[in-house]
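Enquirer: Contents are mmCIF, C-alpha atoms; file name work02.cif:
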```
data_target
#
loop_
_atom_site.label_atom_id
_atom_site.label_comp_id
_atom_site.auth_asym_id
_atom_site.auth_seq_id
_atom_site.Cartn_x
_atom_site.Cartn_y
_atom_site.Cartn_z
CA MET A 248 301.54 86.67 269.69
CA LYS A 249 299.87 87.91 266.51
CA HIS A 250 301.73 88.02 263.21
CA ARG A 251 302.48 91.68 262.47
CA ILE A 252 301.94 92.81 258.87
CA VAL A 253 303.06 96.36 258.09
CA VAL A 254 302.21 98.07 254.79
CA LEU A 255 304.30 101.11 253.86
CA GLY A 256 302.32 103.50 251.68
CA ALA A 257 298.59 103.86 251.06
CA GLY A 258 298.48 104.51 247.34
CA TYR A 259 296.73 102.28 244.82
CA ALA A 260 298.89 99.27 245.74
CA GLY A 261 299.11 99.75 249.49
CA THR A 262 295.40 100.29 250.13
CA TYR A 263 294.51 97.20 248.13
CA VAL A 264 297.09 95.01 249.86
CA ALA A 265 296.16 96.11 253.39
CA GLY A 266 292.40 95.91 252.91
CA THR A 267 292.45 92.57 251.10
CA LEU A 268 294.79 90.96 253.61
CA ALA A 269 292.44 92.08 256.37
CA ARG A 270 289.59 90.40 254.54
CA ARG A 271 291.40 87.13 253.96
CA LEU A 272 293.35 86.57 257.18
CA SER A 273 291.89 85.98 260.63
CA PRO A 274 292.19 88.95 263.01
CA ALA A 275 292.78 86.41 265.74
CA ASP A 276 296.16 85.69 264.18
CA VAL A 277 297.31 88.89 262.48
CA GLU A 278 297.44 92.62 263.03
CA ILE A 279 297.80 94.93 260.02
CA THR A 280 299.21 98.45 260.15
CA VAL A 281 299.34 100.92 257.26
CA VAL A 282 301.92 103.71 257.44
CA ASN A 283 301.23 106.75 255.28
CA ALA A 284 302.28 110.40 255.44
CA GLU A 285 298.90 111.80 254.32
CA PRO A 286 295.54 111.19 256.06
CA ASP A 287 293.74 110.86 252.71
CA PHE A 288 293.87 108.43 249.84
CA VAL A 289 295.41 110.56 247.08
CA GLN A 290 294.30 110.01 243.48
CA ARG A 291 297.73 110.37 241.93
CA LEU A 292 296.27 109.67 238.48
CA ARG A 293 294.33 112.93 238.75
CA LEU A 294 296.83 115.27 240.39
CA HIS A 295 297.43 117.04 237.07
CA GLN A 296 293.71 117.86 237.04
CA LEU A 297 293.95 119.25 240.56
CA ALA A 298 296.88 121.43 239.52
CA ALA A 299 294.91 122.65 236.50
CA GLY A 300 292.20 123.99 238.81
CA GLN A 301 289.70 121.17 239.06
CA GLU A 302 288.40 119.54 242.23
CA ILE A 303 289.09 115.86 242.83
CA GLU A 304 287.59 113.58 245.43
CA ALA A 305 289.61 112.42 248.42
CA ARG A 306 288.64 109.90 251.09
CA LYS A 307 290.07 109.69 254.56
CA LEU A 308 292.11 106.54 255.09
CA ALA A 309 290.28 106.09 258.38
CA ASP A 310 287.05 105.79 256.36
CA VAL A 311 288.63 103.56 253.72
CA PHE A 312 289.68 101.03 256.35
CA ALA A 313 286.68 101.42 258.63
CA GLY A 314 285.52 98.03 259.86
CA THR A 315 288.59 96.17 258.57
CA GLN A 316 290.63 96.30 261.80
CA VAL A 317 293.50 97.83 259.79
CA ARG A 318 295.40 100.37 261.86
CA VAL A 319 296.45 103.63 260.16
CA ARG A 320 299.64 105.33 261.34
CA LEU A 321 300.15 108.81 259.95
CA ALA A 322 303.89 108.99 259.62
CA ARG A 323 306.74 109.38 257.18
CA VAL A 324 308.98 106.35 256.77
CA THR A 325 312.61 107.28 257.42
CA ALA A 326 314.34 103.87 257.40
CA VAL A 327 313.86 100.12 257.35
CA ASP A 328 316.03 97.75 259.38
CA PRO A 329 315.44 94.31 257.84
CA GLU A 330 317.75 92.56 260.30
CA ARG A 331 315.82 93.77 263.35
CA ARG A 332 312.55 93.84 261.36
CA VAL A 333 311.59 97.37 262.34
CA VAL A 334 310.56 100.49 260.42
CA ALA A 335 311.66 103.91 261.67
CA VAL A 336 309.03 106.65 261.26
CA ALA A 337 308.45 110.34 261.96
CA ASP A 338 304.84 111.16 262.76
CA THR A 339 303.06 113.67 260.50
CA ASP A 340 299.87 114.14 262.52
CA GLY A 341 301.22 117.09 264.46
CA GLY A 342 302.22 115.12 267.53
CA GLY A 343 305.91 115.51 266.87
CA GLY A 344 306.60 111.89 267.71
CA GLY A 345 308.06 108.98 265.84
CA GLY A 346 309.77 105.79 266.82
CA GLU A 347 309.84 102.29 265.41
CA ILE A 348 307.22 99.83 264.19
CA GLY A 349 308.05 96.15 264.34
CA TYR A 350 306.94 93.71 261.65
CA ASP A 351 306.97 90.03 260.79
CA THR A 352 305.92 90.61 257.18
CA LEU A 353 306.50 93.93 255.43
CA CYS A 354 304.86 95.20 252.24
CA TYR A 355 306.87 98.05 250.74
CA ALA A 356 304.62 100.26 248.56
CA LEU A 357 306.05 103.75 248.94
CA GLY A 358 305.60 104.60 245.27
CA SER A 359 307.70 107.08 243.32
CA HIS A 360 308.43 110.78 242.99
CA VAL A 361 309.81 113.11 240.35
CA ALA A 362 313.33 112.44 239.03
CA ASP A 363 315.45 115.48 238.21
CA HIS A 364 318.13 113.41 236.38
CA GLY A 365 320.77 115.71 237.81
CA VAL A 366 319.52 118.77 235.92
CA PRO A 367 320.48 121.89 237.88
CA GLY A 368 317.63 123.96 239.29
CA VAL A 369 314.84 121.39 239.06
CA ALA A 370 314.55 120.91 242.83
CA GLU A 371 314.70 124.65 243.50
CA HIS A 372 312.58 126.10 240.71
CA ALA A 373 310.37 123.48 239.06
CA PHE A 374 306.90 122.29 240.02
CA ASP A 375 305.63 118.72 239.69
CA VAL A 376 302.45 116.68 240.08
CA THR A 377 303.73 113.56 241.85
CA SER A 378 302.22 114.34 245.28
CA LEU A 379 299.28 116.23 246.73
CA PRO A 380 301.39 119.06 248.25
CA SER A 381 303.35 119.57 245.02
CA ALA A 382 300.19 119.63 242.89
CA LEU A 383 298.63 122.18 245.23
CA ARG A 384 301.75 124.37 245.01
CA LEU A 385 301.50 124.33 241.22
CA ARG A 386 297.79 125.12 241.37
CA GLU A 387 298.48 128.12 243.60
CA ARG A 388 301.16 129.36 241.19
CA LEU A 389 298.85 129.04 238.18
CA ASP A 390 296.09 130.84 240.09
CA ARG A 391 298.45 133.75 240.72
CA LEU A 392 299.43 133.90 237.06
CA GLU A 393 295.81 134.04 235.98
CA GLY A 394 295.01 136.58 238.67
CA ALA A 395 297.74 138.83 237.35
CA GLY A 396 295.85 139.31 234.11
CA GLY A 397 296.68 136.14 232.23
CA GLY A 398 299.35 135.62 229.64
CA GLY A 399 301.65 133.73 231.97
CA ARG A 400 304.16 131.41 230.33
CA VAL A 401 304.12 127.78 231.47
CA VAL A 402 306.63 125.20 230.26
CA VAL A 403 306.02 121.48 230.79
CA VAL A 404 309.25 119.48 230.47
CA GLY A 405 308.75 115.83 229.53
CA ASP A 406 306.55 114.21 226.91
CA GLY A 407 305.70 110.97 228.70
CA LEU A 408 302.13 110.23 229.70
CA THR A 409 302.26 112.56 232.70
CA GLY A 410 303.72 115.41 230.66
CA ILE A 411 301.14 115.04 227.90
CA GLU A 412 298.23 114.85 230.32
CA THR A 413 299.50 117.77 232.41
CA ALA A 414 300.10 120.03 229.42
CA THR A 415 296.74 119.34 227.77
CA GLU A 416 294.83 119.64 231.06
CA ILE A 417 296.35 123.01 231.93
CA ALA A 418 295.91 124.31 228.39
CA GLU A 419 292.23 123.36 228.37
CA SER A 420 291.43 124.56 231.91
CA ARG A 421 293.49 127.76 231.75
CA PRO A 422 293.40 128.99 228.13
CA GLY A 423 294.79 132.39 229.12
CA LEU A 424 298.20 130.87 229.81
CA ALA A 425 300.80 130.27 227.10
CA LEU A 426 301.73 126.59 227.27
CA THR A 427 304.89 124.98 225.85
CA LEU A 428 305.59 121.22 225.95
CA VAL A 429 309.26 120.24 225.69
CA ALA A 430 309.89 116.76 224.23
CA ARG A 431 313.31 115.16 224.34
CA GLY A 432 312.54 113.19 221.16
CA GLU A 433 309.56 112.95 218.82
CA LEU A 434 306.24 113.79 220.45
CA GLY A 435 304.39 110.57 221.24
CA ALA A 436 307.20 108.42 219.87
CA ALA A 437 305.89 105.28 221.61
CA LEU A 438 302.44 105.64 220.02
CA SER A 439 301.21 104.33 216.68
CA PRO A 440 301.39 106.75 213.71
CA GLY A 441 297.66 107.40 213.90
CA ALA A 442 297.76 108.12 217.63
CA ARG A 443 300.75 110.45 217.17
CA GLY A 444 298.78 112.40 214.60
CA HIS A 445 295.81 112.61 216.94
CA LEU A 446 298.07 113.90 219.72
CA ARG A 447 299.56 116.58 217.46
CA ARG A 448 296.11 117.76 216.42
CA ALA A 449 295.04 117.94 220.07
CA CYS A 450 298.05 120.10 220.93
CA GLU A 451 297.31 122.40 218.00
CA ARG A 452 293.65 122.66 219.02
CA LEU A 453 294.62 123.58 222.58
CA GLY A 454 297.26 126.09 221.47
CA ILE A 455 300.21 124.16 222.91
CA THR A 456 303.61 124.94 221.44
CA VAL A 457 305.59 121.70 221.09
CA LEU A 458 309.39 121.71 221.04
CA GLU A 459 310.67 118.32 219.90
CA HIS A 460 314.21 116.92 220.10
CA THR A 461 314.99 119.41 222.83
CA CYS A 462 317.14 118.64 225.86
CA VAL A 463 316.83 120.81 228.98
CA GLU A 464 320.16 121.53 230.65
CA ALA A 465 319.09 123.82 233.51
CA VAL A 466 316.00 125.30 235.15
CA GLU A 467 316.12 128.79 236.60
CA ALA A 468 313.52 130.88 238.38
CA ALA A 469 312.36 132.55 235.15
CA ARG A 470 314.16 130.58 232.42
CA VAL A 471 314.63 127.12 231.03
CA ARG A 472 318.00 126.64 229.36
CA CYS A 473 318.18 124.08 226.57
CA ALA A 474 321.05 122.36 224.80
CA GLY A 475 322.39 124.40 221.92
CA GLY A 476 321.90 127.69 223.73
CA ALA A 477 318.12 128.10 223.40
CA VAL A 478 316.48 129.86 226.35
CA LEU A 479 312.77 129.80 227.22
CA GLU A 480 311.40 132.64 229.33
CA VAL A 481 308.94 131.14 231.83
CA ASP A 482 306.67 132.03 234.74
CA ALA A 483 306.28 128.40 235.84
CA THR A 484 308.20 125.26 234.90
CA VAL A 485 306.50 121.88 235.41
CA TRP A 486 308.92 118.95 235.50
CA THR A 487 307.48 115.62 234.33
CA ALA A 488 310.64 114.10 232.82
CA GLY A 489 310.58 110.78 234.64
CA PHE A 490 310.13 109.26 238.06
CA THR A 491 312.31 107.60 240.66
CA VAL A 492 311.83 105.83 243.98
CA SER A 493 312.91 106.65 247.51
CA PRO A 494 316.47 105.62 248.49
CA ILE A 495 315.12 103.98 251.66
CA ALA A 496 315.13 100.46 250.22
CA ALA A 497 318.71 100.77 248.97
CA ASP A 498 319.88 102.40 252.20
CA SER A 499 318.30 99.54 254.13
CA GLY A 500 320.45 96.95 252.39
CA LEU A 501 317.77 95.40 250.21
CA LYS A 502 318.75 94.15 246.77
CA VAL A 503 317.69 96.91 244.38
CA THR A 504 318.16 97.94 240.77
CA ASP A 505 320.41 100.84 239.78
CA GLY A 506 317.27 102.98 239.97
CA GLY A 507 316.47 101.88 243.52
CA GLN A 508 313.52 99.56 242.87
CA ILE A 509 313.37 96.42 245.01
CA VAL A 510 314.34 93.31 243.04
CA VAL A 511 311.61 90.73 243.61
CA ASP A 512 310.81 87.18 242.54
CA ARG A 513 307.67 86.20 240.64
CA THR A 514 305.63 86.43 243.86
CA MET A 515 306.81 90.01 244.60
CA ARG A 516 309.05 88.93 247.45
CA SER A 517 312.45 90.56 247.93
CA LEU A 518 315.25 88.38 246.60
CA SER A 519 317.49 89.45 249.48
CA HIS A 520 315.02 89.62 252.39
CA PRO A 521 312.16 87.10 252.23
CA ALA A 522 310.06 88.79 254.94
CA ILE A 523 309.66 91.83 252.64
CA TYR A 524 307.36 92.14 249.63
CA ALA A 525 307.17 95.07 247.21
CA ALA A 526 304.27 96.36 245.12
CA GLY A 527 303.62 99.22 242.74
CA ASP A 528 306.36 101.56 241.58
CA SER A 529 308.69 100.36 244.34
CA ALA A 530 308.99 96.88 242.80
CA HIS A 531 311.17 95.80 239.89
CA ALA A 532 308.68 93.23 238.65
CA ILE A 533 309.08 91.27 235.43
CA GLY A 534 305.80 91.01 233.55
CA ASP A 535 304.41 88.06 231.64
CA ASN A 536 306.06 89.45 228.49
CA GLY A 537 309.51 89.16 230.06
CA ARG A 538 309.91 92.93 230.45
CA PRO A 539 309.85 95.06 233.60
CA LEU A 540 306.38 96.39 234.37
CA PRO A 541 306.14 100.16 233.87
CA MET A 542 305.39 102.48 236.75
CA SER A 543 301.60 102.78 236.54
CA CYS A 544 298.33 102.29 238.38
CA ALA A 545 297.73 99.09 236.42
CA SER A 546 301.06 97.68 237.56
CA ALA A 547 300.15 98.60 241.14
CA GLY A 548 297.01 96.50 240.80
CA TYR A 549 298.75 93.47 239.32
CA THR A 550 301.65 93.48 241.78
CA GLY A 551 299.35 94.18 244.72
CA ARG A 552 297.21 91.15 243.92
CA GLN A 553 300.30 88.97 243.66
CA VAL A 554 301.54 90.19 247.04
CA VAL A 555 298.22 89.35 248.68
CA ASP A 556 298.02 85.87 247.16
CA ALA A 557 301.64 85.10 248.11
CA VAL A 558 301.39 86.37 251.69
CA VAL A 559 298.09 84.58 252.37
CA ALA A 560 299.34 81.33 250.86
CA ARG A 561 302.62 81.30 252.74
CA LEU A 562 301.14 82.30 256.10
CA THR A 563 298.36 79.72 255.88
CA GLY A 564 300.48 76.88 254.50
CA ARG A 565 298.98 76.84 251.01
CA ARG A 566 300.50 76.72 247.55
CA VAL A 567 301.42 80.11 246.09
CA THR A 568 299.72 80.84 242.78
CA HIS A 569 300.91 83.31 240.16
CA THR A 570 298.55 86.15 239.23
CA ARG A 571 298.65 87.89 235.87
CA LEU A 572 301.36 90.51 235.35
CA SER A 573 300.36 92.20 232.10
CA TYR A 574 301.11 95.42 230.26
CA LEU A 575 298.25 95.95 227.83
CA GLY A 576 298.67 99.56 226.82
CA ASN A 577 298.04 103.18 227.81
CA HIS A 578 294.98 105.35 228.33
CA ILE A 579 295.89 109.01 227.86
CA SER A 580 293.61 111.94 228.65
CA LEU A 581 293.92 115.07 226.51
CA GLY A 582 291.80 117.37 228.61
CA ARG A 583 288.28 116.44 229.65
CA ARG A 584 286.79 115.74 226.22
CA ASP A 585 289.56 114.02 224.31
CA GLY A 586 291.91 111.11 224.80
CA ILE A 587 293.86 108.21 223.29
CA ILE A 588 293.68 104.50 224.01
CA GLN A 589 296.80 102.78 222.68
CA LEU A 590 297.14 99.02 223.10
CA VAL A 591 300.51 97.26 222.79
CA ASP A 592 301.63 93.82 221.64
CA GLY A 593 303.57 91.19 223.57
CA GLN A 594 306.81 93.12 223.04
CA ALA A 595 305.28 96.35 224.42
CA ARG A 596 305.16 97.89 220.92
CA ALA A 597 302.19 100.01 219.93
CA LYS A 598 299.59 98.19 217.86
CA PRO A 599 298.67 99.92 214.58
CA SER A 600 295.15 100.88 215.64
CA TYR A 601 294.08 103.21 218.42
CA VAL A 602 290.92 104.81 219.84
CA GLY A 603 290.78 108.58 220.12
CA GLY A 604 288.39 111.42 220.90
CA ARG A 605 285.44 111.49 223.27
CA LYS A 606 285.12 107.71 223.41
CA ALA A 607 288.68 107.40 224.70
CA ALA A 608 288.05 110.24 227.17
CA ARG A 609 284.98 108.44 228.54
CA VAL A 610 286.95 105.21 228.91
CA LYS A 611 289.74 107.03 230.78
CA SER A 612 287.19 108.74 233.01
CA GLY A 613 285.68 105.36 233.81
CA ILE A 614 289.10 103.96 234.66
CA LEU A 615 289.77 106.86 237.03
CA LYS A 616 286.42 106.44 238.76
CA GLY A 617 286.91 102.69 238.98
CA SER A 618 290.39 103.10 240.43
CA LEU A 619 289.11 105.48 243.11
CA TRP A 620 286.20 103.22 243.97
CA ALA A 621 288.40 100.13 244.18
CA ALA A 622 290.94 101.90 246.36
CA SER A 623 288.19 103.31 248.59
CA HIS A 624 286.51 99.89 248.96
CA PRO A 625 289.47 97.48 249.11
CA THR A 626 287.42 94.59 250.49
CA PHE A 627 284.21 94.89 248.51
CA GLY A 628 283.06 91.72 246.81
CA LEU A 629 285.67 89.51 248.46
CA PRO A 630 284.43 86.43 250.28
CA VAL A 631 284.68 86.55 254.03
CA ARG A 632 287.14 83.67 254.38
CA ARG A 633 289.46 84.81 257.11
CA ARG A 634 291.95 82.00 257.20
CA ARG A 635 293.87 81.00 260.28
CA LEU A 636 297.65 80.97 260.12
CA ALA A 637 299.55 77.74 259.81
CA ALA A 638 301.43 76.51 262.84
CA THR A 639 304.71 77.23 261.03
CA PRO A 640 304.27 79.98 258.41
CA VAL A 641 306.82 79.84 255.61
CA ALA A 642 306.88 83.55 254.77
CA ALA A 643 310.47 84.04 255.87
CA THR A 644 311.96 80.62 255.25
CA GLU A 645 310.90 79.48 251.78
CA LYS A 646 313.39 80.00 248.99
CA ALA A 647 312.68 82.76 246.51
CA VAL A 648 310.79 81.90 243.32
CA VAL A 649 312.44 83.50 240.30
#
```
Show the structure stored in the file as structure tokens.
Expert:
Amino acid sequence: MKHRIVVLGAGYAGTYVAGTLARRLSPADVEITVVNAEPDFVQRLRLHQLAAGQEIEARKLADVFAGTQVRVRLARVTAVDPERRVVAVADTDGGGGGGEIGYDTLCYALGSHVADHGVPGVAEHAFDVTSLPSALRLRERLDRLEGAGGGGRVVVVGDGLTGIETATEIAESRPGLALTLVARGELGAALSPGARGHLRRACERLGITVLEHTCVEAVEAARVRCAGGAVLEVDATVWTAGFTVSPIAADSGLKVTDGGQIVVDRTMRSLSHPAIYAAGDSAHAIGDNGRPLPMSCASAGYTGRQVVDAVVARLTGRRVTHTRLSYLGNHISLGRRDGIIQLVDGQARAKPSYVGGRKAARVKSGILKGSLWAASHPTFGLPVRRRRLAATPVAATEKAVV
């Protein structure tokens, strides 16, 4: 019987893991199934652009995995039973079915979604850009505001990278809308002084009103209520104040952090269930600097590579090697013609220098194109060395490596 590898999620981490495993393991010994709710590979890094009114490329997962022998199951994951080694799913392809998918090795890469932090009204009234459907809903709302004669009031809550990129993209693409960015602390607090100044100038150039040191206490259909009694009249609220993961891992009995991320060893294997690996935002991975890797596309790449190397090594009876787990910095787009590249030191603190302007925008554009190409061609450039499985794979028996 073939060894069953199931990959949950087909984002940046999941597509890489599934495609690369198919390239490196013999199809005579393994079968690989990818479970994903959407039929397309979604460029999450560019969903704020889609919401702003731009077109972004999407590739069908069937095309991405063509010729790899990877099976694609269009379904939403509802539960994982690690004792029985099955995943419960509900099909999303219109068939109305569901059922269970058995596995021998599971890669959990379901990513993250918006976190409301318990603020009333976020789920009911706010928009977000963490998924394709939510970005399209925001785009439709912004289209209606512009179609009504312009002048609509849009508030973006959250001054992290997603909030900054969303606010600047909408302001540049839809200049008829009045844009306000709400920052809980100082705008760009994690950036170097020079980069913070560049960010402020970009917001001024784009006509974005910035409210710093402002805490949102409630979101209503046409208002945002802030601490201290301040009220913002709005036509659309975009919530970008943090991300969280699905409760599925915690509900399944896996060892997780307080935030729900799967606690893994240095090889991305679950500390509680050795047949399960985690990659991307779903994993609580400690980087080479001793700090948890941030939720990001770069982290998805690093953790995905480690998962592949660990799974291949253990299934084929080889020594597991450690891949790099680095956090080098951030690339921030400020519309289509401006940006910031901010590198960090070994303690994740911003280095004094930064790169801004068109050069940074071109670098970020190149990163986006490269990420799409890599995700759309997960096996390109890899040697065809489909290894046979060892007589006694150690994937589920070896002790965890901390």
Enquirer: If the PyMOL selection byres ((chain A and resi 249-261) around 9) were run on this exact file, what residues would it hold? Put them as a ChimeraX atom specification.
Expert: /A:248,262-266,274-285,287-291,308,324,334,348-358,526-528,544,546-552,618-619,621-622,636
Enquirer: Report the distance between atom CA of A:Gly603 and atom CA of A:Glu304 in Å, rounded to one decimal place.
Expert: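 Between atom CA of A:Gly603 and atom CA of A:Glu304 the gap is 26.0 Å.
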Enquirer: Just the residues within 10 Å of A:Lys606, please, counting only C-alpha atoms, with nothing from its chain fewer than 4 positions along; format it as a compact mmCIF listing (two decimals) with C-alpha atoms, in the coordinates of the input.
Expert:
```
# COMPACT_ATOMS: atom_id res chain seq x y z
CA ARG A 584 286.79 115.74 226.22
CA ASP A 585 289.56 114.02 224.31
CA GLY A 586 291.91 111.11 224.80
CA ILE A 587 293.86 108.21 223.29
CA ILE A 588 293.68 104.50 224.01
CA VAL A 602 290.92 104.81 219.84
CA VAL A 610 286.95 105.21 228.91
CA LYS A 611 289.74 107.03 230.78
CA SER A 612 287.19 108.74 233.01
```
Enquirer: Would you translate the PyMOL selection byres ((chain A and resi 457) around 9) into the concrete set of residues it matches in this file, as a tab-separated table (two decimals) with C-alpha atoms, in the coordinates of the input?
Expert:
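Okay, part_27.tsv is ready:
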```
chain	number	residue	atom	x	y	z
A	426	LEU	CA	301.73	126.59	227.27
A	427	THR	CA	304.89	124.98	225.85
A	428	LEU	CA	305.59	121.22	225.95
A	429	VAL	CA	309.26	120.24	225.69
A	430	ALA	CA	309.89	116.76	224.23
A	434	LEU	CA	306.24	113.79	220.45
A	447	ARG	CA	299.56	116.58	217.46
A	450	CYS	CA	298.05	120.10	220.93
A	451	GLU	CA	297.31	122.40	218.00
A	455	ILE	CA	300.21	124.16	222.91
A	456	THR	CA	303.61	124.94	221.44
A	458	LEU	CA	309.39	121.71	221.04
A	459	GLU	CA	310.67	118.32	219.90
```
Enquirer: Could you list, as a PyMOL selection string, every residue within 10 Å of stretch 513-516 of chain A, counting all atoms listed in the file and ignoring same-chain residues fewer than 2 positions away?
Expert: chain A and resi 353-355+509-511+518-527+530-535+550-558+567-570+572+642-643+647-649
Enquirer: Apply the PyMOL selection byres ((chain A and resi 439) around 8) to the structure shown and report the selected residues as a PyMOL selection string.
Expert: chain A and resi 436-438+440-443+589+597-601
Enquirer: Okay, now the selection with C-alpha atoms, as a tab-separated table (two decimals), keeping the file's coordinate frame?
Expert:
```tsv
chain	number	residue	atom	x	y	z
A	436	ALA	CA	307.20	108.42	219.87
A	437	ALA	CA	305.89	105.28	221.61
A	438	LEU	CA	302.44	105.64	220.02
A	440	PRO	CA	301.39	106.75	213.71
A	441	GLY	CA	297.66	107.40	213.90
A	442	ALA	CA	297.76	108.12	217.63
A	443	ARG	CA	300.75	110.45	217.17
A	589	GLN	CA	296.80	102.78	222.68
A	597	ALA	CA	302.19	100.01	219.93
A	598	LYS	CA	299.59	98.19	217.86
A	599	PRO	CA	298.67	99.92	214.58
A	600	SER	CA	295.15	100.88	215.64
A	601	TYR	CA	294.08	103.21	218.42
```
Enquirer: As an exercise, work out the distance from atom CA of A:Pro494 to atom CA of A:Leu408 in Å and give it to one decimal place.
Expert: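 Between atom CA of A:Pro494 and atom CA of A:Leu408 the gap works out to 24.1 Å.
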Enquirer: Return the single residue from A:Pro422, A:Arg452, A:Val485, A:Arg634 that is closest to A:Ala370, with distances computed using all atoms listed in the file.
Expert: A:Val485
Enquirer: Can you tell me how far atom CA of A:Leu379 sits from atom CA of A:Lys307, in Å to one decimal?
Expert: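 Atom CA of A:Lys307 lies at a distance of 13.7 Å from atom CA of A:Leu379.
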Enquirer: Return the single residue from A:Val311, A:Ala335, A:Leu297, A:Ala607 that is closest to A:Leu383, with distances computed using only C-alpha atoms.
Expert: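 The closest residue to A:Leu383 is A:Leu297.
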Enquirer: Take the point (303.3, 114.7, 229.5) in the file's coordinates, draw a sphere of radius 12 Å around it, and report as a PyMOL selection string every protein, DNA or RNA residue with an atom inside or on it, counting all atoms listed in the file.
Expert: chain A and resi 295+375-376+402-417+427-431+434-435+446+450+455+457+485-489+579-582
Enquirer: Let me have the centre and edge lengths of the axis-aligned box enclosing all listed atoms of stretch 274-293 of chain A with 3 Å padding on every side, in Å to one decimal, as AutoDock Vina command-line options.
Expert:
```
--center_x 297.2 --center_y 99.3 --center_z 252.1 --size_x 16.1 --size_y 33.2 --size_z 33.3
```
Enquirer: Kindly provide, as a VMD selection string, the polymer residues lying within 10 Å of (307.8, 106.0, 263.4), counting all atoms listed in the file and using the coordinates exactly as they appear in the file.
Expert: chain A and resid 282 320 to 326 333 to 339 344 to 349
